[in-house]
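K.L.:
For reference, this is structure-v3.txt, and it has compact mmCIF, C-alpha atoms.
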# COMPACT_ATOMS: atom_id res chain seq x y z
CA MET A 20 108.18 64.02 207.05
CA ASN A 21 107.29 64.86 203.46
CA THR A 22 110.21 66.61 201.74
CA GLU A 23 107.79 68.82 199.84
CA ASN A 24 106.63 70.31 203.16
CA ARG A 25 110.14 71.02 204.42
CA VAL A 26 111.08 74.44 205.78
CA ILE A 27 113.00 76.34 203.10
CA PHE A 28 116.10 78.35 203.98
CA THR A 29 115.30 81.65 202.28
CA LYS A 30 117.46 84.58 201.16
CA GLU A 31 116.01 86.62 204.02
CA MET A 32 117.12 83.98 206.53
CA LYS A 33 120.73 84.28 205.35
CA LYS A 34 120.86 87.80 206.84
CA ASP A 35 120.12 86.96 210.48
CA TYR A 36 120.06 83.16 210.93
CA LYS A 37 122.90 81.23 212.56
CA ILE A 38 123.76 77.96 210.81
CA LEU A 39 124.89 75.13 213.09
CA ILE A 40 127.19 72.46 211.65
CA PRO A 41 128.02 69.07 213.26
CA ASN A 42 131.76 68.50 213.56
CA MET A 43 133.84 65.80 211.89
CA CYS A 44 137.42 66.46 210.64
CA GLU A 45 138.45 69.28 212.96
CA ILE A 46 141.10 70.86 210.71
CA HIS A 47 139.16 70.47 207.45
CA PHE A 48 135.86 71.63 208.94
CA GLU A 49 137.45 74.65 210.60
CA LEU A 50 138.68 75.73 207.15
CA LEU A 51 135.26 75.02 205.60
CA LEU A 52 133.54 76.98 208.38
CA ARG A 53 135.64 80.07 207.73
CA VAL A 54 134.98 79.83 203.98
CA LEU A 55 131.24 79.85 204.71
CA ARG A 56 131.69 82.95 206.84
CA GLN A 57 133.62 84.64 204.03
CA HIS A 58 130.60 84.09 201.80
CA GLY A 59 128.23 85.79 204.23
CA TYR A 60 126.91 82.83 206.24
CA ASN A 61 126.79 83.14 210.03
CA ALA A 62 127.95 79.58 210.63
CA GLU A 63 129.17 77.84 213.77
CA LEU A 64 130.87 74.47 214.18
CA LEU A 65 129.65 72.42 217.15
CA HIS A 66 132.40 71.08 219.42
CA THR A 67 130.12 69.66 222.12
CA ASN A 68 130.66 66.07 223.27
CA GLY A 69 129.81 63.78 226.13
CA ARG A 70 127.22 61.19 227.05
CA GLU A 71 124.40 63.75 226.90
CA ILE A 72 124.82 63.87 223.09
CA VAL A 73 124.25 60.11 222.86
CA ASP A 74 121.28 60.27 225.23
CA GLU A 75 119.73 63.12 223.24
CA GLY A 76 120.12 61.12 220.03
CA LEU A 77 118.53 58.04 221.58
CA LYS A 78 115.39 60.06 222.34
CA TYR A 79 114.73 60.79 218.69
CA VAL A 80 116.57 58.15 216.63
CA HIS A 81 115.83 54.43 216.77
CA ASN A 82 118.78 52.58 218.30
CA ASP A 83 118.90 50.25 215.28
CA THR A 84 119.87 53.24 213.14
CA CYS A 85 123.58 53.76 212.52
CA TYR A 86 125.56 55.41 215.30
CA PRO A 87 126.74 58.43 213.23
CA ALA A 88 123.12 59.43 212.56
CA LEU A 89 122.32 59.18 216.25
CA LEU A 90 125.31 61.36 217.19
CA VAL A 91 124.81 64.02 214.51
CA ILE A 92 121.12 64.41 215.31
CA GLY A 93 121.79 64.26 219.06
CA GLN A 94 124.45 66.99 218.80
CA LEU A 95 122.19 69.31 216.77
CA ILE A 96 119.12 68.92 219.01
CA ASN A 97 121.31 69.24 222.10
CA ALA A 98 122.50 72.59 220.74
CA LEU A 99 118.93 73.77 220.17
CA ASN A 100 118.02 72.74 223.72
CA SER A 101 121.06 74.42 225.26
CA GLY A 102 119.56 77.92 225.36
CA LYS A 103 122.65 79.28 223.62
CA TYR A 104 120.79 79.78 220.34
CA ASP A 105 117.41 81.23 219.37
CA PRO A 106 115.71 78.28 217.63
CA HIS A 107 113.59 80.73 215.61
CA LYS A 108 116.79 82.24 214.17
CA THR A 109 118.74 79.01 213.73
CA ALA A 110 119.23 76.67 210.77
CA LEU A 111 121.02 73.32 210.60
CA LEU A 112 123.37 72.16 207.86
CA ILE A 113 123.99 68.51 207.05
CA THR A 114 125.58 66.66 204.12
CA GLN A 115 123.51 64.44 201.84
CA THR A 116 125.18 61.98 199.47
CA GLY A 117 122.36 60.32 197.58
CA GLY A 118 124.22 57.00 197.52
CA GLY A 119 123.41 53.57 198.91
CA CYS A 120 124.61 54.46 202.40
CA ARG A 121 121.96 55.32 204.99
CA ALA A 122 123.74 58.67 205.38
CA SER A 123 121.49 59.85 202.55
CA ASN A 124 118.57 59.52 204.98
CA TYR A 125 120.12 61.50 207.82
CA ILE A 126 118.42 64.67 206.64
CA HIS A 127 114.98 63.02 206.76
CA LEU A 128 115.71 61.44 210.14
CA LEU A 129 116.79 64.86 211.39
CA ARG A 130 113.57 66.55 210.22
CA LYS A 131 111.52 63.80 211.85
CA ALA A 132 113.49 64.25 215.10
CA LEU A 133 113.05 68.05 214.99
CA ALA A 134 109.29 67.67 214.63
CA LYS A 135 109.22 65.27 217.57
CA ALA A 136 111.29 67.70 219.68
CA GLY A 137 109.05 70.66 218.82
CA TYR A 138 111.46 72.31 216.38
CA GLU A 139 109.64 71.59 213.14
CA TYR A 140 110.07 75.25 212.14
CA VAL A 141 113.89 74.98 212.07
CA PRO A 142 115.19 74.84 208.47
CA VAL A 143 117.58 72.03 207.52
CA ILE A 144 120.02 72.81 204.72
CA SER A 145 121.24 69.94 202.54
CA LEU A 146 124.88 70.22 201.49
CA ASN A 147 125.09 68.08 198.37
CA LEU A 148 126.49 68.07 194.84
CA SER A 149 123.67 66.00 193.35
CA GLY A 150 120.90 68.59 193.23
CA LEU A 151 118.88 66.59 195.77
CA GLU A 152 117.51 69.61 197.63
CA LYS A 153 117.82 73.32 196.95
CA ASN A 154 117.42 76.37 199.17
CA PRO A 155 117.24 79.96 197.83
CA GLY A 156 119.32 81.23 200.77
CA PHE A 157 122.14 78.69 200.41
CA LYS A 158 123.81 78.21 197.08
CA LEU A 159 127.10 76.49 196.32
CA LYS A 160 128.76 78.95 193.96
CA PRO A 161 131.75 77.78 191.88
CA SER A 162 134.08 79.97 193.96
CA MET A 163 132.84 78.23 197.13
CA LEU A 164 133.27 74.76 195.64
CA ILE A 165 136.85 75.55 194.59
CA LYS A 166 137.63 76.77 198.11
CA PHE A 167 135.93 73.70 199.62
CA LEU A 168 138.14 71.38 197.54
CA SER A 169 141.19 73.42 198.58
CA CYS A 170 140.16 73.00 202.24
CA LEU A 171 140.22 69.22 201.82
CA ILE A 172 143.67 69.31 200.21
CA TYR A 173 145.26 71.61 202.77
CA GLY A 174 143.43 69.85 205.60
CA ASP A 175 144.81 66.47 204.53
CA LEU A 176 148.42 67.67 204.51
CA ILE A 177 148.14 69.55 207.80
CA MET A 178 146.47 66.54 209.49
CA LEU A 179 149.15 64.19 208.14
CA LEU A 180 152.01 66.41 209.34
CA LYS A 181 150.41 67.21 212.69
CA ASN A 182 150.10 63.51 213.56
CA GLN A 183 153.75 62.91 212.67
CA VAL A 184 155.05 65.88 214.68
CA LYS A 185 152.80 66.27 217.75
CA PRO A 186 153.78 62.95 219.44
CA TYR A 187 157.44 64.01 219.38
CA GLU A 188 157.22 67.78 220.03
CA ILE A 189 159.58 69.13 222.69
CA ASN A 190 157.48 72.21 223.46
CA GLU A 191 153.95 71.05 224.29
CA GLY A 192 151.27 72.79 222.26
CA GLU A 193 153.60 74.07 219.54
CA THR A 194 152.16 71.78 216.85
CA ASP A 195 148.56 72.77 217.62
CA ALA A 196 149.56 76.45 217.53
CA LEU A 197 151.16 75.92 214.11
CA VAL A 198 147.97 74.26 212.84
CA GLU A 199 145.94 77.31 213.91
CA ARG A 200 148.44 79.69 212.29
CA TRP A 201 148.19 77.91 208.98
CA ILE A 202 144.39 77.82 209.09
CA THR A 203 144.44 81.59 209.61
CA LYS A 204 146.97 82.09 206.78
CA LEU A 205 144.99 79.97 204.32
CA ILE A 206 141.75 81.82 205.04
CA ARG A 207 143.60 85.09 204.49
CA PHE A 208 144.74 83.74 201.10
CA PHE A 209 141.19 82.66 200.25
CA ARG A 210 139.84 86.11 201.12
CA THR A 211 141.89 87.58 198.25
CA ASN A 212 141.16 84.60 195.94
CA ARG A 213 144.64 83.16 196.34
CA GLY A 214 145.78 79.67 197.27
CA CYS A 215 143.06 77.73 195.44
CA ASP A 216 144.54 77.21 191.99
CA TYR A 217 147.03 74.47 191.09
CA PHE A 218 150.11 76.69 190.92
CA SER A 219 149.33 78.40 194.24
CA MET A 220 148.89 75.05 195.97
CA LYS A 221 152.08 73.75 194.42
CA ALA A 222 153.89 76.68 196.07
CA ILE A 223 152.04 76.74 199.43
CA LEU A 224 151.97 73.02 200.27
CA PRO A 225 155.80 72.72 200.62
CA ARG A 226 155.80 75.84 202.83
CA ILE A 227 153.41 74.06 205.20
CA THR A 228 155.72 71.03 205.28
CA ARG A 229 158.75 73.25 205.93
CA ASP A 230 157.07 74.86 208.95
CA PHE A 231 156.12 71.51 210.48
CA ALA A 232 159.62 70.15 209.82
CA ALA A 233 161.00 73.12 211.79
CA VAL A 234 159.11 72.20 215.00
CA PRO A 235 161.68 70.96 217.58
CA VAL A 236 161.11 67.24 218.18
CA ASN A 237 162.62 64.35 220.10
CA LYS A 238 162.36 61.35 217.80
CA THR A 239 161.96 58.53 220.31
CA ASP A 240 160.64 55.09 219.35
CA LYS A 241 156.84 55.10 219.33
CA ILE A 242 154.24 52.60 218.22
CA LYS A 243 152.81 53.58 214.85
CA VAL A 244 149.04 53.11 214.68
CA GLY A 245 146.77 53.58 211.67
CA ILE A 246 143.10 54.55 212.01
CA VAL A 247 140.50 53.44 209.46
CA GLY A 248 136.75 52.90 209.46
CA GLU A 249 133.43 54.49 208.59
CA ILE A 250 134.08 58.09 207.56
CA TYR A 251 132.31 59.82 210.46
CA VAL A 252 133.58 57.58 213.27
CA LYS A 253 137.04 57.58 211.72
CA TYR A 254 137.37 61.38 211.76
CA SER A 255 135.01 62.68 214.46
CA PRO A 256 136.45 63.06 218.00
CA LEU A 257 132.87 62.95 219.30
CA ALA A 258 132.26 59.58 217.65
CA ASN A 259 135.60 57.89 218.38
CA ASN A 260 136.11 59.35 221.88
CA HIS A 261 139.12 61.46 220.82
CA LEU A 262 140.95 58.40 219.51
CA GLU A 263 143.95 60.31 218.08
CA ASP A 264 144.56 62.11 221.39
CA PHE A 265 144.23 58.83 223.30
CA LEU A 266 146.79 57.11 221.07
CA ILE A 267 149.24 60.00 221.49
CA SER A 268 148.76 59.81 225.27
CA GLN A 269 149.69 56.10 225.06
CA GLY A 270 153.00 56.86 223.35
CA CYS A 271 151.82 56.26 219.79
CA GLU A 272 152.09 58.04 216.47
CA PRO A 273 148.66 57.93 214.79
CA ASN A 274 148.12 58.01 211.04
CA VAL A 275 144.68 58.80 209.61
CA PRO A 276 144.28 58.55 205.81
CA GLY A 277 143.05 61.83 204.32
CA LEU A 278 139.70 62.82 202.83
CA MET A 279 141.16 63.15 199.32
CA GLY A 280 141.19 59.36 199.01
CA PHE A 281 137.45 59.33 199.69
CA MET A 282 136.92 62.07 197.10
CA PHE A 283 138.87 60.02 194.55
CA PHE A 284 136.86 56.94 195.49
CA LYS A 285 133.49 58.64 195.03
CA THR A 286 134.52 60.17 191.70
CA ASP A 287 136.00 56.90 190.47
CA ASN A 288 132.78 55.09 191.42
CA ARG A 289 130.90 57.22 188.88
CA LEU A 290 133.32 56.09 186.18
CA GLU A 291 133.01 52.49 187.33
CA ASP A 292 129.21 52.72 187.08
CA ILE A 293 129.46 54.06 183.54
CA LYS A 294 131.88 51.25 182.66
CA LEU A 295 129.54 48.59 184.08
CA TYR A 296 126.12 49.99 183.17
CA GLY A 297 126.71 52.74 180.63
CA GLY A 298 126.06 56.43 181.01
CA LYS A 299 126.23 59.89 179.45
CA LYS A 300 129.42 60.89 177.65
CA LEU A 301 129.35 64.33 179.24
CA LYS A 302 129.26 62.87 182.75
CA LYS A 303 132.14 60.56 181.89
CA ALA A 304 134.19 63.45 180.51
CA VAL A 305 133.52 65.59 183.60
CA MET A 306 134.47 62.76 185.98
CA LYS A 307 137.65 62.03 184.02
CA GLY A 308 138.55 65.71 184.08
CA LEU A 309 138.03 65.86 187.84
CA MET A 310 140.14 62.72 188.34
CA TRP A 311 142.92 64.24 186.22
CA TYR A 312 142.91 67.46 188.24
CA MET A 313 142.85 65.66 191.60
CA GLU A 314 145.77 63.48 190.48
CA LYS A 315 147.79 66.61 189.76
CA ILE A 316 146.99 67.99 193.21
CA GLU A 317 147.75 64.60 194.77
CA ASN A 318 151.21 64.69 193.21
CA CYS A 319 151.70 68.11 194.81
CA ILE A 320 150.83 66.66 198.25
CA VAL A 321 153.26 63.77 197.73
CA SER A 322 156.03 66.13 196.60
CA ALA A 323 155.33 68.53 199.48
CA THR A 324 155.54 65.71 202.04
CA LYS A 325 158.96 64.75 200.70
CA ALA A 326 160.24 68.34 200.45
CA TYR A 327 161.35 68.78 204.06
CA GLY A 328 161.97 66.53 207.00
CA ASP A 329 161.50 62.78 207.22
CA PHE A 330 157.76 62.44 206.88
CA THR A 331 155.82 59.33 205.84
CA THR A 332 154.41 59.97 202.38
CA PRO A 333 150.78 58.98 201.67
CA ALA A 334 150.15 56.54 198.83
CA THR A 335 148.50 57.71 195.64
CA TYR A 336 144.97 56.65 194.78
CA LYS A 337 146.37 54.72 191.81
CA HIS A 338 148.49 52.66 194.18
CA LEU A 339 145.47 51.95 196.39
CA ARG A 340 143.63 50.57 193.35
CA GLU A 341 146.60 48.36 192.54
CA LEU A 342 146.79 47.06 196.11
CA ILE A 343 143.13 46.05 196.28
CA GLU A 344 142.82 44.50 192.81
CA PRO A 345 143.86 40.93 193.84
CA VAL A 346 141.70 41.10 196.97
CA MET A 347 138.38 42.75 196.11
CA GLY A 348 136.41 43.99 193.09
CA TYR A 349 135.98 47.71 192.38
CA GLY A 350 132.21 47.21 192.40
CA CYS A 351 132.32 46.85 196.20
CA LYS A 352 131.50 50.49 196.91
CA MET A 353 128.79 50.79 199.55
CA GLY A 354 129.94 52.81 202.55
CA GLU A 355 133.72 53.15 202.23
CA GLY A 356 133.76 50.01 200.07
CA TRP A 357 137.06 48.58 198.92
CA LEU A 358 138.81 51.83 199.87
CA LEU A 359 138.71 50.94 203.58
CA THR A 360 140.51 47.64 202.99
CA ALA A 361 143.00 49.30 200.64
CA GLU A 362 143.77 51.94 203.27
CA MET A 363 144.62 49.19 205.76
CA MET A 364 146.94 47.59 203.21
CA GLU A 365 148.64 50.91 202.48
CA LEU A 366 149.09 51.67 206.19
CA ILE A 367 150.71 48.28 206.75
CA GLU A 368 153.06 48.88 203.81
CA ASN A 369 154.02 52.27 205.27
CA GLY A 370 154.97 50.83 208.67
CA TYR A 371 151.64 51.32 210.44
CA GLY A 372 150.88 47.63 210.87
CA ASN A 373 148.97 48.27 214.10
CA ILE A 374 145.50 49.39 213.05
CA VAL A 375 142.33 50.47 214.82
CA CYS A 376 139.30 49.80 212.61
CA ALA A 377 136.50 52.04 213.94
CA GLN A 378 133.16 50.36 213.28
CA PRO A 379 129.85 52.10 214.07
CA PHE A 380 126.86 50.07 215.10
CA GLY A 381 124.53 49.29 212.22
CA CYS A 382 127.00 49.96 209.38
CA LEU A 383 126.89 46.61 207.57
CA PRO A 384 129.14 47.57 204.60
CA ASN A 385 131.93 48.66 206.92
CA HIS A 386 131.69 45.49 208.96
CA ILE A 387 132.23 43.54 205.73
CA VAL A 388 135.13 45.56 204.28
CA GLY A 389 136.61 46.32 207.72
CA LYS A 390 136.21 43.59 210.32
CA GLY A 391 135.34 41.05 207.63
CA MET A 392 138.70 41.51 205.88
CA VAL A 393 140.97 41.20 208.94
CA ARG A 394 141.59 37.48 208.43
CA LYS A 395 142.44 37.95 204.75
CA LEU A 396 144.85 40.78 205.55
CA ARG A 397 146.58 38.66 208.19
CA GLU A 398 147.14 36.01 205.54
CA ILE A 399 148.79 38.61 203.28
CA TYR A 400 150.56 40.48 206.10
CA PRO A 401 151.26 37.98 208.93
CA ASP A 402 152.77 40.68 211.17
CA SER A 403 149.73 42.96 210.95
CA ASN A 404 147.98 43.75 214.24
CA ILE A 405 144.40 44.89 213.54
CA VAL A 406 141.71 45.46 216.15
CA PRO A 407 138.10 46.29 215.17
CA ILE A 408 136.49 48.55 217.77
CA ASP A 409 132.69 48.93 217.92
CA TYR A 410 131.34 52.42 218.59
CA ASP A 411 127.69 52.44 219.59
CA PRO A 412 125.41 53.75 222.38
CA GLY A 413 126.03 50.70 224.56
CA ALA A 414 129.84 50.62 224.23
CA THR A 415 131.75 52.31 227.04
CA ARG A 416 134.87 54.38 226.46
CA VAL A 417 136.73 52.31 229.07
CA ASN A 418 135.99 49.08 227.22
CA GLN A 419 137.09 50.57 223.90
CA GLU A 420 140.33 51.95 225.33
CA ASN A 421 141.11 48.67 227.10
CA ARG A 422 140.79 46.77 223.83
CA ILE A 423 143.11 49.27 222.15
CA LYS A 424 145.60 48.89 225.04
CA LEU A 425 145.60 45.11 224.44
CA MET A 426 146.40 45.75 220.79
CA LEU A 427 149.23 48.09 221.84
CA ALA A 428 150.58 45.42 224.22
CA VAL A 429 150.76 43.00 221.29
CA ALA A 430 152.46 45.72 219.22
CA LYS A 431 155.14 46.15 221.92
CA GLU A 432 155.71 42.37 222.08
CA ASN A 433 156.07 42.24 218.28
CA ALA A 434 158.52 45.16 218.34
CA CYS A 435 160.64 43.45 221.03
CA ALA A 436 160.63 40.18 219.07
CA GLN A 437 161.82 41.99 215.94
CA ASP A 438 164.59 43.75 217.90
CA ILE A 439 165.79 40.41 219.30
CA LYS A 440 165.69 38.88 215.82
CA LYS A 441 167.79 41.72 214.40
CA PHE A 442 170.28 41.45 217.29
CA VAL A 443 170.69 37.69 216.86
CA SER A 444 171.10 37.93 213.10
Have the structure of the file written as structure tokens, please.
P.N.:
Amino acid sequence: MNTENRVIFTKEMKKDYKILIPNMCEIHFELLLRVLRQHGYNAELLHTNGREIVDEGLKYVHNDTCYPALLVIGQLINALNSGKYDPHKTALLITQTGGGCRASNYIHLLRKALAKAGYEYVPVISLNLSGLEKNPGFKLKPSMLIKFLSCLIYGDLIMLLKNQVKPYEINEGETDALVERWITKLIRFFRTNRGCDYFSMKAILPRITRDFAAVPVNKTDKIKVGIVGEIYVKYSPLANNHLEDFLISQGCEPNVPGLMGFMFFKTDNRLEDIKLYGGKKLKKAVMKGLMWYMEKIENCIVSATKAYGDFTTPATYKHLRELIEPVMGYGCKMGEGWLLTAEMMELIENGYGNIVCAQPFGCLPNHIVGKGMVRKLREIYPDSNIVPIDYDPGATRVNQENRIKLMLAVAKENACAQDIKKFVS
């Protein structure tokens, strides 16, 4: 479909249209959703899942296209078909990066699918920072962008703490209830323009850690499992078949690297491009300024994690760059690029040597920096236990979970061998 003929989301539509958003990081996106509502948008996050989403996507997206595109488009069209929404008063929102990843084409694939399904009149809003598409009824104001960045920061810490507390909680459901309480508190702060500046975050982040440290737990021995992969499959319960919940049910403590690392990576890539190919001084100055600010916030997250309890502290972006330098060049940046490999290395260093690498069908860059680097990582870390899991329309949940169970069986054998070694020595 020609972009020039796209349906524009107008100022009038903002008043009575509902905006549907596909889900990914549940904590982060719940915060983002409520920020959108604060700014007058009637937005709703889709939590639907099941085989019908995949089947809906297969009707309108070629099965050679990457799995995340199929799921996102399938979830949105499934919502329009559900009868729950008036298609003539509904708009769809989707991110658009503009990079080398095929994710930049999702918006065009979605419009093509809508036309095929008879919904060509439904506006599609592009959420991007590159000026790729503009809509009079949806504008990213500076106040919104600041709150969005804050959502990523708070979301990362809450996700990190939740995964380190929930597997051990004595009172079932207490951790999830605490997550919801903090989401509500943060949105209340945002409503009065609090909690988004550096000094506010420096004060609030340790309070979040303190509350999670206060949850009654029974610290039994559990298998520590890291989760990496393509950004959508890595974070979306729809895409990875509720991988975090499955691991917890198997007696594991999951660890999912946060979104801030990806934000660092994308910003740093701009600086790397300027270094390699040249560029405008203003752009370089802006990117350096953003990196400086994010580093300050990152230090707050690290300090907050250490403030209370015995939580595993995430590595800094600077450390990730140092880890990957002997292994891969910084110019490897399609998809998650070198960051994916560096995250595996950091997880292994932090005691999460058992890793699930979530690979969507059709994502060539992630197969290279994910599955393609397993052998190299085993040379560097002989005790690492990494299993690449393919997520695609033809892969069954049972098969995926059985492969993960085999990885966990190896993890238990390794743990027993280490215990025997310590006892003998």
K.L.:
Give me, please, the distance in Å between atom CA of Phe209 of chain A and atom CA of Lys158 of chain A, quoted to one decimal.
P.N.:
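Spanning atom CA of Phe209 of chain A to atom CA of Lys158 of chain A is a straight-line distance of 18.2 Å.
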K.L.:
Can you tell me which residues surround segment 368-384 of chain A at a distance of at most 7 Å, considering all atoms listed in the file, apart from same-chain residues fewer than 3 positions away, and format the answer as a PyMOL selection string?
P.N.:
chain A and resi 83-86+243-249+252-253+353-354+356+364-365+387-389+403-411+430
K.L.:
Determine, counting all atoms listed in the file, which protein, DNA and RNA residues have an atom within 8 Å of an atom of Ile316 of chain A; residues of the same chain fewer than 2 positions away are not included. Present the result as a ChimeraX atom specification.
P.N.:
/A:172,217,220-221,312-314,318-320
K.L.:
Which is closest to Cys271 of chain A among A:Gln183, A:Ser145, A:Ser255, A:Asn24, if we use all atoms listed in the file?
P.N.:
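Using all atoms listed in the file, the shortest distance to Cys271 of chain A belongs to A:Gln183.
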K.L.:
Find the residues near Val305 of chain A: any atom within 12 Å, counting only C-alpha atoms, skip ones fewer than 4 places away on the same chain, and give them as a PyMOL selection string.
P.N.:
chain A and resi 286-287+289-290+299-301+309-312
K.L.:
Using all atoms listed in the file, which residues sit within 9 Å of Leu129 of chain A once same-chain residues fewer than 2 positions away are excluded, as a ChimeraX atom specification?
P.N.:
/A:79-80,88,91-92,95-96,124-127,131-134,143
K.L.:
Select, from A:Phe330, A:Thr335, A:Thr360, A:Ile423, the residue with the minimum atom-to-atom distance to Arg394 of chain A, counting all atoms listed in the file.
P.N.:
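Counting all atoms listed in the file, the residue closest to Arg394 of chain A is A:Thr360.
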K.L.:
What is the atom CA of Arg53 of chain A to atom CA of Thr203 of chain A distance in Å?
P.N.:
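A separation of 9.1 Å between them.
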K.L.:
Counting only C-alpha atoms, which residues sit no farther than 10 Å from the position (136.1, 79.4, 199.3) in the file's frame? I'd like them as an NGL selection string.
P.N.:
:A and (50-58 or 159-170 or 206 or 208-210 or 212-215)
K.L.:
Which of these residues is nearest to Glu420 of chain A, using all atoms listed in the file: A:Leu262, A:Leu396, A:Ala304, A:Ala436?
P.N.:
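So, comparing all the options, the nearest one is A:Leu262.
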K.L.:
I want to know what sits within 10 Å of segment 185-187 of chain A, based on all atoms listed in the file, with residues of the same chain fewer than 2 positions away left out; could you give that as a ChimeraX atom specification?
P.N.:
/A:180-183,189-195,231,234-241,264,266-273
K.L.:
Can you write out the residues you just picked, keeping C-alpha atoms, as a compact mmCIF listing (two decimals), in the coordinates of the input?
P.N.:
# COMPACT_ATOMS: atom_id res chain seq x y z
CA LEU A 180 152.01 66.41 209.34
CA LYS A 181 150.41 67.21 212.69
CA ASN A 182 150.10 63.51 213.56
CA GLN A 183 153.75 62.91 212.67
CA ILE A 189 159.58 69.13 222.69
CA ASN A 190 157.48 72.21 223.46
CA GLU A 191 153.95 71.05 224.29
CA GLY A 192 151.27 72.79 222.26
CA GLU A 193 153.60 74.07 219.54
CA THR A 194 152.16 71.78 216.85
CA ASP A 195 148.56 72.77 217.62
CA PHE A 231 156.12 71.51 210.48
CA VAL A 234 159.11 72.20 215.00
CA PRO A 235 161.68 70.96 217.58
CA VAL A 236 161.11 67.24 218.18
CA ASN A 237 162.62 64.35 220.10
CA LYS A 238 162.36 61.35 217.80
CA THR A 239 161.96 58.53 220.31
CA ASP A 240 160.64 55.09 219.35
CA LYS A 241 156.84 55.10 219.33
CA ASP A 264 144.56 62.11 221.39
CA LEU A 266 146.79 57.11 221.07
CA ILE A 267 149.24 60.00 221.49
CA SER A 268 148.76 59.81 225.27
CA GLN A 269 149.69 56.10 225.06
CA GLY A 270 153.00 56.86 223.35
CA CYS A 271 151.82 56.26 219.79
CA GLU A 272 152.09 58.04 216.47
CA PRO A 273 148.66 57.93 214.79
K.L.:
To one decimal place in Å, what is the distance between atom CA of Ala361 of chain A and atom CA of Leu339 of chain A?
P.N.:
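Distance between the two atoms: 5.6 Å.
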K.L.:
Which of these, A:Glu344, A:Glu188, A:Glu45, A:Asp402, has the shortest distance to Leu358 of chain A once you count only C-alpha atoms?
P.N.:
A:Glu344
K.L.:
My list of candidates is A:Ala62, A:Val73, A:Ile38, A:Ala434. Which is closest to Gly413 of chain A when distances are computed with only C-alpha atoms?
P.N.:
A:Val73
K.L.:
My list of candidates is A:Lys34, A:Arg226, A:Arg130, A:Lys302. Which is closest to Thr324 of chain A when distances are computed with only C-alpha atoms?
P.N.:
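Closest to Thr324 of chain A of all the choices is A:Arg226.
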K.L.:
Around all the atoms of segment 199-213 of chain A listed in the file, with 8 Å of room on each side, what axis-aligned box do you get, giving centre and edge lengths in Å to one decimal, as AutoDock Vina command-line options?
P.N.:
--center_x 144.1 --center_y 82.4 --center_z 204.9 --size_x 24.6 --size_y 26.3 --size_z 34.0
